[in-house]
Each structure stands twice: as C-alpha cells, then as structure tokens.
Amino acid sequence: MLFDWYEGIKLQNPFYFLGIDGGGSKCKARLEDAQGNLLAESVAGPANPARDMQVALASIQQVSEQVMTSANLPVSALSNTYVGMGLAGLNLPMYKSKLQAWQHPFAQLSLSTDLYIACLGAHNCDSGAIVIVGTGSAGLACHQGQQYEYGGHGFLLGDKGSGAWIGLQTLRWALESFDGMAQSSPFIEAVFEFAQCSDAAQIIESYLTSSSAKFANLAPLVFEYANRHDPVATDIIKDGASYLSALTRKLQSHSPQRIAFIGGLAPSVIPWLDEDIQIGIKQPLAAPECGAIMMAKKQFESANKHS
C-alpha cells in the first residue's frame, strides 16, 4: 500500500520494497514497487544464520539478485530497495548482531525473526499468534506490543512436531527395529527404501552428519503411512501433534485475536491436532514475505516521515 506522504519524500526513484523469509530449508523473496504492486518472487537455499552464517548470506544474496532479474531490473537496483528480512535463528542475539554488522547492498535493512514476519503476514497486523510447522517448529503470540515466543530451540534441542523432528524419530525407530529392539512395520521397510539403504550402517553413514532439511524430507512419508493407520508412523505423528496442541494452548493464554498455522507441514499436521485446537485455527491472510515487506515499510515510514 502506498503511504500518502511518499510523494513528498525526496528519494532516488524508482525505489522498491523487498521481503525475505529465511528458514532451515529455503528462503523466499517478494519484490514490490512503491505502490505495492508485485513485481517478482524467487526462492533460494537455506538462510538460517545460526546453522551456517556463510550459507545464509549466500542464499540471501542469491535470492535478492534472482528476484531483481525476474523483475527485469538490474541487480544495482538493490541499492534503491528497502528490505524487511525475517530469518530463523535471529531470536539468538549473537546471530542478529552478526547480521546487523553485515555490509548489505540495500538502501535499508530491517531485521527480525521468521516468526515475527510470519505473524505480521498471517494477520495483516502485529496482533495475533502463529505456529510454524516446517523443517522446524515454533510459536509466537503478539499482543499489546509484546511478543511471546515458544519452542524454536533448534533441531538438536527441540523443534518437536517439525519435519526434522519427525524424520529423526523415524530413523531412530528404524534403527532400533533393525536391532530387534522396537516394533517393525511395512512403514519401516519403506523408510529404508526411501533412504536407499539396506542396513543400519548405511542409514548411519547417510544421516549421522546430515542437515535438518534432509531429515525433514522423510516427513511426507511418515504422514502417508500414518494416514494408512500404520502403528509406528501413527505413534510418531501423534506424539508431535500432541506437543503442537499444547504449544497452541500456551499461545492462547495470551489472548491473541487470531491463531494461524503456517509452514510446509501445517496442512498435514492440523487434522492430527486436538479437536478444540483445530476449530480455533484461522487461515493466514498473507505469506511471511508479505509480513517482511510490512516491516520494511514501517521502518521506511519511520525514517522518512520527516523528510
């Protein structure tokens, strides 16, 4: 949306707004002109600085250049672009400080977490709550200017109910089953086939040092077999969904106006949540990258309203 006072601001024209949503598997970008018209969208690799700062910066640079090219604009137009960026991992002060020190190519950069921009986009304002269920999982409630964040502690320490967590539980069960220490099922056979492994050693070699995104790739298979009532897959999904239901109740304690589930696994996991939780979930109004643009415009307004 074009602010009424834009025309009176003396800036190098034309100028643009770019929203970037970065997570453990990919980052997405949305480019708009000053009037709020969509010019282009693009996707690049993972952008979680807490996992790998150099990979995150490379993905951000790549997606920024890609979206300019898709809009038939020169990459140099990034210097006239006002950017809002929400990244996984920026809830940790050390990584936010590193991003703030980055010599970026933009006219202005507004930084926050992927949760916050997702909440802005989902509710078209900063009053509401969201649960993200993708490679990772986390929840955020915004109410009366305060933010209340839960979960999102990372693949090794938390992210229960997420794609990476589902994949990890599945492989642990598969290995215990291979050792004769846990129940087997046709699902476990499908896991070995999916991983293109024939024994436990190959599973370990393939996944021991893998990224959270690789573990998350197993999640659709787990939901497929859970929906077929496979007992092993069902137990894994029910355990994760129980946590996400509890997380949602925690967010409800802050009396948000709306609650939305977002992320690649949200449609799959919602039917497994407690019934009262399912009833209260609202559709997100816009994507996280739209929320990032809202954040960029707010900072742009604050910096230029007295020009």
# chains A, B, ... in the order shown; residues from 1 in each chain; ligands from 1
call {"tool": "residues_around", "arguments": {"residues": "stretch 240-248 of chain A", "least_positions_apart": "6", "cutoff": "10 Å", "atoms": "only C-alpha atoms", "output": "number ranges by chain"}}
result
A: 129-133, 137-141, 150-151, 159-163, 165-166, 169, 259-261, 269-278, 280-281
call {"tool": "residues_around", "arguments": {"residues": "A:Leu90", "least_positions_apart": "4", "cutoff": "8 Å", "atoms": "only C-alpha atoms", "output": "list in words"}}
result
Pro49, Ala50, Gly86, Tyr95, Lys96, Ser112, Thr113 and Asp114 of chain A
call {"tool": "select_by_dssp", "arguments": {"residues": "stretch 105-219 of chain A", "states": "strand (DSSP E or B)", "output": "list of chain:residue names"}}
result
A:Gln108, A:Leu109, A:Ser110, A:Leu111, A:Ser112, A:Thr113, A:Gly128, A:Ala129, A:Ile130, A:Val131, A:Ile132, A:Val133, A:Ser137, A:Ala138, A:Gly139, A:Leu140, A:Ala141, A:Cys142, A:His143, A:Gln146, A:Gln147, A:Tyr148, A:Glu149, A:Tyr150, A:Gly151
call {"tool": "atom_distance", "arguments": {"atom1": "atom CA of A:Gly158", "atom2": "atom CA of A:Ala216"}}
result
13.9 Å
call {"tool": "closest_residue", "arguments": {"among": "A:Ala164, A:Met181, A:Cys125, A:Ala34", "to": "A:Pro220", "atoms": "only C-alpha atoms"}}
result
A:Ala164
call {"tool": "select_by_dssp", "arguments": {"residues": "stretch 172-219 of chain A", "states": "alpha helix (DSSP H)", "output": "ChimeraX atom specification"}}
result
/A:172-178,186-194,200-207,212-216,219
call {"tool": "write_last_selection", "arguments": {"atoms": "C-alpha atoms", "output": "mmCIF file, in the first residue's frame"}}
result
data_model
loop_
_atom_site.group_PDB
_atom_site.id
_atom_site.type_symbol
_atom_site.label_atom_id
_atom_site.label_comp_id
_atom_site.auth_asym_id
_atom_site.auth_seq_id
_atom_site.Cartn_x
_atom_site.Cartn_y
_atom_site.Cartn_z
ATOM 1 C CA ARG A 172 15.766 -43.801 15.487
ATOM 2 C CA TRP A 173 12.821 -46.205 15.412
ATOM 3 C CA ALA A 174 14.057 -47.782 12.183
ATOM 4 C CA LEU A 175 17.489 -48.447 13.696
ATOM 5 C CA GLU A 176 16.022 -49.893 16.877
ATOM 6 C CA SER A 177 13.729 -52.048 14.760
ATOM 7 C CA PHE A 178 16.699 -53.258 12.727
ATOM 8 C CA PRO A 186 5.776 -52.039 6.480
ATOM 9 C CA PHE A 187 6.467 -48.360 7.153
ATOM 10 C CA ILE A 188 9.956 -49.145 8.471
ATOM 11 C CA GLU A 189 10.673 -51.104 5.278
ATOM 12 C CA ALA A 190 9.507 -48.081 3.266
ATOM 13 C CA VAL A 191 11.885 -45.846 5.254
ATOM 14 C CA PHE A 192 14.898 -47.973 4.304
ATOM 15 C CA GLU A 193 13.730 -47.946 0.690
ATOM 16 C CA PHE A 194 13.233 -44.151 0.743
ATOM 17 C CA ALA A 200 21.742 -49.861 9.721
ATOM 18 C CA ALA A 201 25.305 -48.926 8.792
ATOM 19 C CA GLN A 202 24.144 -47.264 5.591
ATOM 20 C CA ILE A 203 21.460 -45.309 7.452
ATOM 21 C CA ILE A 204 24.067 -44.055 9.919
ATOM 22 C CA GLU A 205 26.534 -43.139 7.181
ATOM 23 C CA SER A 206 23.827 -41.274 5.278
ATOM 24 C CA TYR A 207 22.284 -39.306 8.170
ATOM 25 C CA SER A 212 17.794 -30.802 9.414
ATOM 26 C CA ALA A 213 16.360 -30.362 5.912
ATOM 27 C CA LYS A 214 17.438 -33.875 4.920
ATOM 28 C CA PHE A 215 15.716 -35.345 7.983
ATOM 29 C CA ALA A 216 12.605 -33.304 7.169
ATOM 30 C CA ALA A 219 8.129 -36.316 6.944
#
call {"tool": "closest_residue", "arguments": {"among": "A:Gly154, A:Pro93, A:Gly128, A:Pro105", "to": "A:Asn48", "atoms": "only C-alpha atoms"}}
result
A:Gly154
call {"tool": "atom_distance", "arguments": {"atom1": "atom CA of A:Ser185", "atom2": "atom CA of A:Arg228"}}
result
11.9 Å
call {"tool": "atom_distance", "arguments": {"atom1": "atom CA of A:Asp179", "atom2": "atom CA of A:His229"}}
result
23.5 Å
call {"tool": "closest_residue", "arguments": {"among": "A:Phe155, A:Phe15, A:Phe223, A:Tyr148", "to": "A:Leu73", "atoms": "only C-alpha atoms"}}
result
A:Phe15
call {"tool": "closest_residue", "arguments": {"among": "A:Gly23, A:Gly36, A:Pro267, A:Gly136", "to": "A:Leu168", "atoms": "only C-alpha atoms"}}
result
A:Gly136
